$ cat upload28.cif   # mmCIF, C-alpha atoms and all ligand atoms
data_model
#
loop_
_atom_site.group_PDB
_atom_site.id
_atom_site.type_symbol
_atom_site.label_atom_id
_atom_site.label_comp_id
_atom_site.auth_asym_id
_atom_site.auth_seq_id
_atom_site.Cartn_x
_atom_site.Cartn_y
_atom_site.Cartn_z
ATOM 1 C CA MET A 6 31.118 -10.558 2.146
ATOM 2 C CA ALA A 7 29.113 -10.884 5.366
ATOM 3 C CA VAL A 8 25.395 -11.491 5.045
ATOM 4 C CA ALA A 9 23.860 -8.840 7.289
ATOM 5 C CA VAL A 10 20.239 -9.795 6.928
ATOM 6 C CA ALA A 11 18.006 -12.833 6.855
ATOM 7 C CA PRO A 12 15.585 -12.511 3.935
ATOM 8 C CA ASP A 13 13.938 -15.813 4.893
ATOM 9 C CA ILE A 14 12.176 -14.027 7.761
ATOM 10 C CA LEU A 15 10.247 -11.913 5.237
ATOM 11 C CA PRO A 16 6.736 -13.127 4.347
ATOM 12 C CA LEU A 17 7.271 -13.234 0.577
ATOM 13 C CA ARG A 18 5.970 -16.228 -1.362
ATOM 14 C CA ALA A 19 9.160 -16.566 -3.435
ATOM 15 C CA LEU A 20 12.678 -15.518 -2.479
ATOM 16 C CA THR A 21 15.279 -14.161 -4.898
ATOM 17 C CA PRO A 22 18.156 -16.511 -5.751
ATOM 18 C CA PRO A 23 21.811 -15.317 -5.620
ATOM 19 C CA ALA A 24 22.020 -15.784 -9.408
ATOM 20 C CA TRP A 25 19.701 -12.777 -9.829
ATOM 21 C CA ALA A 26 22.161 -10.527 -7.967
ATOM 22 C CA GLU A 27 25.114 -11.835 -9.950
ATOM 23 C CA ILE A 28 23.357 -10.908 -13.196
ATOM 24 C CA VAL A 29 22.003 -7.468 -12.270
ATOM 25 C CA LEU A 30 25.292 -6.399 -10.662
ATOM 26 C CA GLN A 31 26.998 -6.811 -14.022
ATOM 27 C CA ASP A 32 25.595 -3.359 -14.903
ATOM 28 C CA PRO A 33 25.650 -1.367 -11.640
ATOM 29 C CA VAL A 34 25.036 2.007 -13.312
ATOM 30 C CA ALA A 35 21.853 0.784 -15.033
ATOM 31 C CA LEU A 36 20.762 -0.694 -11.718
ATOM 32 C CA LEU A 37 21.367 2.662 -9.976
ATOM 33 C CA ILE A 38 19.354 4.524 -12.642
ATOM 34 C CA ASP A 39 16.385 2.190 -12.117
ATOM 35 C CA HIS A 40 16.835 2.414 -8.355
ATOM 36 C CA ALA A 41 16.757 6.218 -8.367
ATOM 37 C CA PHE A 42 13.359 6.194 -10.037
ATOM 38 C CA LEU A 43 12.008 3.735 -7.491
ATOM 39 C CA GLU A 44 13.046 6.013 -4.644
ATOM 40 C CA LYS A 45 11.412 8.975 -6.374
ATOM 41 C CA LYS A 46 8.210 7.017 -6.888
ATOM 42 C CA ALA A 47 8.234 5.851 -3.250
ATOM 43 C CA ALA A 48 8.482 9.474 -2.094
ATOM 44 C CA THR A 49 5.614 10.641 -4.300
ATOM 45 C CA ASN A 50 3.504 7.617 -3.307
ATOM 46 C CA ALA A 51 3.821 8.572 0.373
ATOM 47 C CA LEU A 52 2.868 12.172 -0.438
ATOM 48 C CA ASP A 53 -0.126 10.956 -2.471
ATOM 49 C CA LEU A 54 -1.244 8.766 0.440
ATOM 50 C CA LEU A 55 -0.929 11.759 2.754
ATOM 51 C CA THR A 56 -4.199 13.149 1.386
ATOM 52 C CA LEU A 57 -6.209 9.924 1.729
ATOM 53 C CA TRP A 58 -6.336 9.557 5.502
ATOM 54 C CA PRO A 59 -9.309 8.001 7.275
ATOM 55 C CA GLU A 60 -10.441 10.664 9.822
ATOM 56 C CA GLU A 61 -9.644 8.688 12.959
ATOM 57 C CA PHE A 62 -6.014 8.127 11.925
ATOM 58 C CA PHE A 63 -4.949 11.733 11.689
ATOM 59 C CA PRO A 64 -2.329 12.910 12.840
ATOM 60 C CA GLU A 65 -0.519 9.511 13.009
ATOM 61 C CA TRP A 66 -1.168 9.112 9.290
ATOM 62 C CA ALA A 67 0.453 12.445 8.444
ATOM 63 C CA GLN A 68 3.450 11.651 10.616
ATOM 64 C CA VAL A 69 3.973 8.265 8.930
ATOM 65 C CA MET A 70 3.595 9.533 5.361
ATOM 66 C CA THR A 71 5.790 12.587 5.803
ATOM 67 C CA ALA A 72 8.456 10.463 7.520
ATOM 68 C CA VAL A 73 8.414 7.907 4.680
ATOM 69 C CA ALA A 74 8.538 10.675 2.050
ATOM 70 C CA ARG A 75 11.498 12.259 3.838
ATOM 71 C CA ASP A 76 13.347 8.894 3.995
ATOM 72 C CA GLU A 77 12.699 8.195 0.312
ATOM 73 C CA ALA A 78 13.861 11.658 -0.728
ATOM 74 C CA ALA A 79 17.061 11.052 1.266
ATOM 75 C CA HIS A 80 17.517 7.673 -0.478
ATOM 76 C CA LEU A 81 16.980 9.377 -3.839
ATOM 77 C CA ALA A 82 19.684 11.922 -3.004
ATOM 78 C CA GLN A 83 22.077 9.144 -1.942
ATOM 79 C CA VAL A 84 21.530 6.954 -4.993
ATOM 80 C CA THR A 85 21.769 9.952 -7.326
ATOM 81 C CA ARG A 86 25.063 11.018 -5.727
ATOM 82 C CA ILE A 87 26.560 7.548 -6.244
ATOM 83 C CA LEU A 88 25.172 7.389 -9.779
ATOM 84 C CA LEU A 89 26.626 10.745 -10.818
ATOM 85 C CA ARG A 90 30.012 9.931 -9.286
ATOM 86 C CA ARG A 91 30.087 6.795 -11.410
ATOM 87 C CA GLY A 92 29.388 8.688 -14.617
ATOM 88 C CA GLY A 93 25.681 7.876 -14.924
ATOM 89 C CA ARG A 94 22.728 10.187 -15.167
ATOM 90 C CA LEU A 95 19.010 9.861 -14.620
ATOM 91 C CA ALA A 96 16.997 8.766 -17.633
ATOM 92 C CA ARG A 97 14.033 10.911 -18.610
ATOM 93 C CA VAL A 98 11.688 7.959 -18.996
ATOM 94 C CA HIS A 99 11.327 5.023 -16.698
ATOM 95 C CA LYS A 100 9.054 1.987 -16.673
ATOM 96 C CA ASN A 101 8.288 -0.349 -13.803
ATOM 97 C CA PRO A 102 5.888 -3.005 -15.127
ATOM 98 C CA TYR A 103 6.123 -4.880 -11.810
ATOM 99 C CA ALA A 104 4.808 -1.953 -9.732
ATOM 100 C CA ASN A 105 2.293 -1.007 -12.441
ATOM 101 C CA ALA A 106 0.833 -4.525 -12.407
ATOM 102 C CA LEU A 107 0.572 -4.455 -8.621
ATOM 103 C CA ARG A 108 -1.153 -1.066 -8.630
ATOM 104 C CA LEU A 109 -3.769 -2.407 -11.069
ATOM 105 C CA LEU A 110 -4.928 -4.655 -8.213
ATOM 106 C CA VAL A 111 -6.097 -1.648 -6.173
ATOM 107 C CA ARG A 112 -9.911 -1.705 -5.970
ATOM 108 C CA LYS A 113 -10.363 1.910 -7.006
ATOM 109 C CA GLY A 114 -13.553 3.712 -6.009
ATOM 110 C CA THR A 115 -14.482 1.098 -3.386
ATOM 111 C CA ALA A 116 -14.256 0.942 0.411
ATOM 112 C CA GLY A 117 -11.174 -1.247 -0.014
ATOM 113 C CA GLU A 118 -9.133 1.304 -1.968
ATOM 114 C CA VAL A 119 -7.127 2.747 0.925
ATOM 115 C CA LEU A 120 -6.491 -0.721 2.382
ATOM 116 C CA ASP A 121 -5.228 -1.929 -1.009
ATOM 117 C CA ARG A 122 -2.981 1.079 -1.470
ATOM 118 C CA LEU A 123 -1.388 0.498 1.927
ATOM 119 C CA LEU A 124 -0.930 -3.230 1.304
ATOM 120 C CA ILE A 125 0.523 -2.700 -2.185
ATOM 121 C CA SER A 126 2.879 -0.082 -0.743
ATOM 122 C CA ALA A 127 3.896 -2.601 1.942
ATOM 123 C CA ILE A 128 4.525 -5.305 -0.674
ATOM 124 C CA ILE A 129 6.680 -3.090 -2.885
ATOM 125 C CA GLU A 130 8.717 -2.060 0.179
ATOM 126 C CA LEU A 131 8.955 -5.708 1.199
ATOM 127 C CA ARG A 132 10.243 -6.883 -2.184
ATOM 128 C CA SER A 133 12.629 -3.940 -2.414
ATOM 129 C CA CYS A 134 14.068 -4.689 0.992
ATOM 130 C CA GLU A 135 14.485 -8.352 0.080
ATOM 131 C CA ARG A 136 16.263 -7.367 -3.133
ATOM 132 C CA PHE A 137 18.579 -4.999 -1.224
ATOM 133 C CA SER A 138 19.462 -7.823 1.167
ATOM 134 C CA VAL A 139 20.387 -10.110 -1.740
ATOM 135 C CA LEU A 140 22.397 -7.327 -3.392
ATOM 136 C CA ALA A 141 24.217 -6.517 -0.127
ATOM 137 C CA ALA A 142 25.133 -10.149 0.377
ATOM 138 C CA HIS A 143 26.520 -10.672 -3.140
ATOM 139 C CA CYS A 144 28.011 -7.306 -4.054
ATOM 140 C CA THR A 145 31.810 -7.176 -4.104
ATOM 141 C CA ASP A 146 31.785 -3.368 -4.434
ATOM 142 C CA GLU A 147 32.094 -2.227 -0.812
ATOM 143 C CA GLU A 148 30.408 1.164 -1.296
ATOM 144 C CA LEU A 149 27.347 -0.419 -2.890
ATOM 145 C CA ALA A 150 27.261 -3.294 -0.388
ATOM 146 C CA VAL A 151 27.147 -0.854 2.543
ATOM 147 C CA PHE A 152 24.540 1.267 0.760
ATOM 148 C CA TYR A 153 22.280 -1.706 0.020
ATOM 149 C CA ARG A 154 22.601 -2.990 3.588
ATOM 150 C CA ARG A 155 21.450 0.366 4.990
ATOM 151 C CA LEU A 156 18.548 0.510 2.571
ATOM 152 C CA PHE A 157 17.444 -2.979 3.582
ATOM 153 C CA ALA A 158 16.892 -1.757 7.142
ATOM 154 C CA SER A 159 15.094 1.421 6.069
ATOM 155 C CA GLU A 160 12.771 -0.243 3.535
ATOM 156 C CA LYS A 161 11.990 -2.988 6.029
ATOM 157 C CA GLY A 162 10.826 -0.292 8.444
ATOM 158 C CA HIS A 163 8.589 1.168 5.720
ATOM 159 C CA PHE A 164 7.106 -2.257 4.959
ATOM 160 C CA GLN A 165 6.272 -2.714 8.635
ATOM 161 C CA VAL A 166 4.712 0.715 9.051
ATOM 162 C CA PHE A 167 2.489 0.386 5.950
ATOM 163 C CA LEU A 168 1.345 -3.068 7.065
ATOM 164 C CA LYS A 169 0.637 -1.793 10.568
ATOM 165 C CA LEU A 170 -1.512 1.032 9.220
ATOM 166 C CA ALA A 171 -3.368 -1.405 6.923
ATOM 167 C CA ASN A 172 -4.160 -3.628 9.896
ATOM 168 C CA ALA A 173 -5.284 -0.600 11.900
ATOM 169 C CA ILE A 174 -7.791 0.669 9.325
ATOM 170 C CA ALA A 175 -9.437 -2.673 8.448
ATOM 171 C CA PRO A 176 -10.980 -5.508 10.472
ATOM 172 C CA LYS A 177 -8.337 -8.148 11.198
ATOM 173 C CA GLY A 178 -9.731 -10.915 8.994
ATOM 174 C CA ARG A 179 -10.276 -8.603 6.024
ATOM 175 C CA ALA A 180 -6.755 -7.170 6.140
ATOM 176 C CA ASP A 181 -5.225 -10.657 6.505
ATOM 177 C CA ASP A 182 -7.243 -12.110 3.612
ATOM 178 C CA ARG A 183 -6.339 -9.272 1.291
ATOM 179 C CA TRP A 184 -2.677 -9.418 2.353
ATOM 180 C CA ASN A 185 -2.488 -13.115 1.508
ATOM 181 C CA THR A 186 -4.213 -12.593 -1.842
ATOM 182 C CA LEU A 187 -1.850 -9.770 -2.776
ATOM 183 C CA LEU A 188 1.257 -11.692 -1.676
ATOM 184 C CA ASP A 189 0.216 -14.561 -3.984
ATOM 185 C CA ALA A 190 -0.349 -12.077 -6.812
ATOM 186 C CA GLU A 191 3.038 -10.462 -6.219
ATOM 187 C CA ALA A 192 4.844 -13.767 -6.704
ATOM 188 C CA ARG A 193 2.972 -14.329 -9.982
ATOM 189 C CA ILE A 194 3.695 -10.802 -11.211
ATOM 190 C CA LEU A 195 7.380 -11.015 -10.335
ATOM 191 C CA ALA A 196 7.675 -14.341 -12.178
ATOM 192 C CA GLN A 197 6.379 -12.583 -15.326
ATOM 193 C CA GLN A 198 9.081 -9.884 -15.287
ATOM 194 C CA GLU A 199 12.001 -9.904 -17.665
ATOM 195 C CA LEU A 200 15.521 -10.373 -16.379
ATOM 196 C CA GLY A 201 17.656 -7.213 -16.408
ATOM 197 C CA PRO A 202 19.495 -4.610 -14.307
ATOM 198 C CA ARG A 203 16.436 -3.431 -12.388
ATOM 199 C CA ILE A 204 15.486 -3.763 -8.718
ATOM 200 C CA HIS A 205 12.172 -5.452 -9.581
ATOM 201 C CA SER A 206 13.307 -7.575 -12.532
ATOM 202 C CA GLY A 207 12.599 -11.248 -13.016
ATOM 203 C CA CYS A 208 14.860 -14.066 -11.871
ATOM 204 C CA PRO A 209 16.931 -16.389 -14.088
ATOM 205 C CA ALA A 210 15.342 -19.755 -14.795
HETATM 206 FE FE FE B 1 13.785 4.001 -0.212
HETATM 207 FE FE FE B 2 10.798 2.683 1.279
#
$ encode --input "upload28.cif" --output "structure tokens"
Amino acid sequence: MAVAVAPDILPLRALTPPAWAEIVLQDPVALLIDHAFLEKKAATNALDLLTLWPEEFFPEWAQVMTAVARDEAAHLAQVTRILLRRGGRLARVHKNPYANALRLLVRKGTAGEVLDRLLISAIIELRSCERFSVLAAHCTDEELAVFYRRLFASEKGHFQVFLKLANAIAPKGRADDRWNTLLDAEARILAQQELGPRIHSGCPA
């Protein structure tokens, strides 16, 4: 299987080993169920952010958030279609302790809240795109490999656009400092996750 991407160019503190993909791909339907919820959450996150714009960034802000929401809704439709064809169905309840832990780092009610929400959104997109690259490279199921490769490119674009907006709304040094702090935290949070068929699960020891 050709490796279509180079995850080492991504600014993550810790990269995912191939052994993670080998384990999570043992239950592709469970992985698709988890994945569908992540796409749904990504769409609603963009719509939530739509209402938080700093005045000087409208209408660019609205264009970015509606475009991301549209992409994520399309991803949700694609993953759901594959899931249903393979005999799976969406679960009613879903937990993502990784994303929940990251969102707890948002400094709510302060001047840094919007910056944090953009940076956390960028980090979740960044990790997702890295995970899709690892899945694409190690998946022997051609349909899923192609799907994951396409998602890598799309989620990478979302990561870049959230980071660009974060750097636009905050002074350079402040955005960089917070970005580095949150990237360090992300690596710690990921290391605390349990292994399992989820996009944001922990890695084998
Ligand atoms: Fe997506
Ligand atoms: Fe995305």
$ axis_aligned_box --input "upload28.cif" --around "segment 123-133 of chain A" --padding-each-side "4 Å" --output "AutoDock Vina command-line options"
--center_x 5.6 --center_y -3.2 --center_z -0.5 --size_x 22.0 --size_y 15.4 --size_z 12.8
$ atom_distance --input "upload28.cif" --atom1 "atom CA of Leu123 of chain A" --atom2 "atom CA of Leu107 of chain A"
11.8 Å
$ residues_around --input "upload28.cif" --residues "Gln197 of chain A" --least-positions-apart "2" --cutoff "10 Å" --atoms "only C-alpha atoms" --output "list in words"
Pro102, Tyr103, Glu191, Ala192, Arg193, Ile194, Leu195, Glu199, Leu200, Ser206, Gly207 and Cys208 of chain A
$ residues_near_ligand --input "upload28.cif" --ligand "ligand FE 2 (chain B)" --cutoff "10 Å" --atoms "only C-alpha atoms and all ligand atoms" --output "JSON, numbers by chain"
{"A": [43, 44, 45, 46, 47, 48, 50, 51, 73, 74, 75, 76, 77, 78, 80, 126, 127, 129, 130, 131, 133, 134, 156, 157, 158, 159, 160, 161, 162, 163, 164, 167]}
$ closest_residue --input "upload28.cif" --among "A:Leu120, A:Leu15, A:Leu37, A:Leu57" --to "Arg90 of chain A" --atoms "all atoms listed in the file"
A:Leu37
$ atom_distance --input "upload28.cif" --atom1 "atom CA of Trp184 of chain A" --atom2 "atom CA of Ala141 of chain A"
27.2 Å
$ closest_residue --input "upload28.cif" --among "A:Arg136, A:Val151, A:Leu54, A:Pro209" --to "Val119 of chain A" --atoms "all atoms listed in the file"
A:Leu54
$ atom_distance --input "upload28.cif" --atom1 "atom CA of Arg155 of chain A" --atom2 "atom CA of Leu170 of chain A"
23.4 Å
$ resolve_selection --input "upload28.cif" --expression "the PyMOL selection byres (((chain A and resi 83-87) around 9) and not hetatm)" --output "list in words"
Leu37, Ile38, His40, Ala41, Glu44, Ala78, Ala79, His80, Leu81, Ala82, Leu88, Leu89, Arg90, Arg91, Gly92, Gly93, Arg94, Leu95, Glu148, Leu149 and Phe152 of chain A
$ write_last_selection --input "upload28.cif" --atoms "C-alpha atoms" --output "CSV table (one decimal), keeping the file's coordinate frame"
chain,number,residue,atom,x,y,z
A,37,LEU,CA,21.4,2.7,-10.0
A,38,ILE,CA,19.4,4.5,-12.6
A,40,HIS,CA,16.8,2.4,-8.4
A,41,ALA,CA,16.8,6.2,-8.4
A,44,GLU,CA,13.0,6.0,-4.6
A,78,ALA,CA,13.9,11.7,-0.7
A,79,ALA,CA,17.1,11.1,1.3
A,80,HIS,CA,17.5,7.7,-0.5
A,81,LEU,CA,17.0,9.4,-3.8
A,82,ALA,CA,19.7,11.9,-3.0
A,88,LEU,CA,25.2,7.4,-9.8
A,89,LEU,CA,26.6,10.7,-10.8
A,90,ARG,CA,30.0,9.9,-9.3
A,91,ARG,CA,30.1,6.8,-11.4
A,92,GLY,CA,29.4,8.7,-14.6
A,93,GLY,CA,25.7,7.9,-14.9
A,94,ARG,CA,22.7,10.2,-15.2
A,95,LEU,CA,19.0,9.9,-14.6
A,148,GLU,CA,30.4,1.2,-1.3
A,149,LEU,CA,27.3,-0.4,-2.9
A,152,PHE,CA,24.5,1.3,0.8
$ resolve_selection --input "upload28.cif" --expression "the PyMOL selection byres (((chain A and resi 26) around 12) and not hetatm)" --output "PDB file with C-alpha atoms, in the coordinates of the input"
ATOM      1  CA  THR A  21      15.279 -14.161  -4.898  1.00  0.00           C
ATOM      2  CA  PRO A  22      18.156 -16.511  -5.751  1.00  0.00           C
ATOM      3  CA  PRO A  23      21.811 -15.317  -5.620  1.00  0.00           C
ATOM      4  CA  ALA A  24      22.020 -15.784  -9.408  1.00  0.00           C
ATOM      5  CA  TRP A  25      19.701 -12.777  -9.829  1.00  0.00           C
ATOM      6  CA  GLU A  27      25.114 -11.835  -9.950  1.00  0.00           C
ATOM      7  CA  ILE A  28      23.357 -10.908 -13.196  1.00  0.00           C
ATOM      8  CA  VAL A  29      22.003  -7.468 -12.270  1.00  0.00           C
ATOM      9  CA  LEU A  30      25.292  -6.399 -10.662  1.00  0.00           C
ATOM     10  CA  GLN A  31      26.998  -6.811 -14.022  1.00  0.00           C
ATOM     11  CA  ASP A  32      25.595  -3.359 -14.903  1.00  0.00           C
ATOM     12  CA  PRO A  33      25.650  -1.367 -11.640  1.00  0.00           C
ATOM     13  CA  LEU A  36      20.762  -0.694 -11.718  1.00  0.00           C
ATOM     14  CA  GLU A 135      14.485  -8.352   0.080  1.00  0.00           C
ATOM     15  CA  ARG A 136      16.263  -7.367  -3.133  1.00  0.00           C
ATOM     16  CA  PHE A 137      18.579  -4.999  -1.224  1.00  0.00           C
ATOM     17  CA  SER A 138      19.462  -7.823   1.167  1.00  0.00           C
ATOM     18  CA  VAL A 139      20.387 -10.110  -1.740  1.00  0.00           C
ATOM     19  CA  LEU A 140      22.397  -7.327  -3.392  1.00  0.00           C
ATOM     20  CA  ALA A 141      24.217  -6.517  -0.127  1.00  0.00           C
ATOM     21  CA  ALA A 142      25.133 -10.149   0.377  1.00  0.00           C
ATOM     22  CA  HIS A 143      26.520 -10.672  -3.140  1.00  0.00           C
ATOM     23  CA  CYS A 144      28.011  -7.306  -4.054  1.00  0.00           C
ATOM     24  CA  THR A 145      31.810  -7.176  -4.104  1.00  0.00           C
ATOM     25  CA  ALA A 150      27.261  -3.294  -0.388  1.00  0.00           C
ATOM     26  CA  TYR A 153      22.280  -1.706   0.020  1.00  0.00           C
ATOM     27  CA  LEU A 200      15.521 -10.373 -16.379  1.00  0.00           C
ATOM     28  CA  GLY A 201      17.656  -7.213 -16.408  1.00  0.00           C
ATOM     29  CA  PRO A 202      19.495  -4.610 -14.307  1.00  0.00           C
ATOM     30  CA  ARG A 203      16.436  -3.431 -12.388  1.00  0.00           C
ATOM     31  CA  ILE A 204      15.486  -3.763  -8.718  1.00  0.00           C
ATOM     32  CA  HIS A 205      12.172  -5.452  -9.581  1.00  0.00           C
ATOM     33  CA  SER A 206      13.307  -7.575 -12.532  1.00  0.00           C
ATOM     34  CA  GLY A 207      12.599 -11.248 -13.016  1.00  0.00           C
ATOM     35  CA  CYS A 208      14.860 -14.066 -11.871  1.00  0.00           C
ATOM     36  CA  PRO A 209      16.931 -16.389 -14.088  1.00  0.00           C
TER      37      PRO A 209
END
$ closest_residue --input "upload28.cif" --among "A:Ala72, A:Leu110, A:Ala96, A:Ala171" --to "ligand FE 1 (chain B)" --atoms "only C-alpha atoms and all ligand atoms"
A:Ala72
$ closest_residue --input "upload28.cif" --among "A:Arg112, A:Ala210, A:Val166, A:Asn185" --to "Gln68 of chain A" --atoms "all atoms listed in the file"
A:Val166
$ closest_residue --input "upload28.cif" --among "A:Ala190, A:Arg154, A:Glu118, A:Ala175" --to "ligand FE 1 (chain B)" --atoms "all atoms listed in the file"
A:Arg154
$ closest_residue --input "upload28.cif" --among "A:Thr56, A:Arg132, A:Asn172, A:Glu147" --to "ligand FE 1 (chain B)" --atoms "all atoms listed in the file"
A:Arg132
$ decode --input "upload28.cif" --residues "segment 11-31 of chain A" --atoms "C-alpha atoms" --output "JSON list (two decimals), in the first residue's frame"
[["chain", "number", "residue", "atom", "x", "y", "z"],
["A", 11, "ALA", "CA", 4.14, 12.42, 5.28],
["A", 12, "PRO", "CA", 2.88, 12.71, 8.86],
["A", 13, "ASP", "CA", 6.36, 13.76, 10.03],
["A", 14, "ILE", "CA", 5.74, 17.21, 8.55],
["A", 15, "LEU", "CA", 2.93, 17.77, 11.07],
["A", 16, "PRO", "CA", 3.85, 19.71, 14.23],
["A", 17, "LEU", "CA", 2.61, 17.10, 16.71],
["A", 18, "ARG", "CA", 4.77, 16.28, 19.72],
["A", 19, "ALA", "CA", 4.27, 12.52, 19.35],
["A", 20, "LEU", "CA", 3.52, 10.57, 16.19],
["A", 21, "THR", "CA", 1.33, 7.46, 16.00],
["A", 22, "PRO", "CA", 3.15, 4.16, 15.44],
["A", 23, "PRO", "CA", 1.98, 1.67, 12.76],
["A", 24, "ALA", "CA", 1.08, -0.79, 15.55],
["A", 25, "TRP", "CA", -1.82, 1.50, 16.53],
["A", 26, "ALA", "CA", -3.33, 1.19, 13.04],
["A", 27, "GLU", "CA", -2.89, -2.58, 13.00],
["A", 28, "ILE", "CA", -4.85, -2.85, 16.25],
["A", 29, "VAL", "CA", -7.71, -0.44, 15.52],
["A", 30, "LEU", "CA", -8.23, -1.83, 12.01],
["A", 31, "GLN", "CA", -9.07, -5.19, 13.53]]
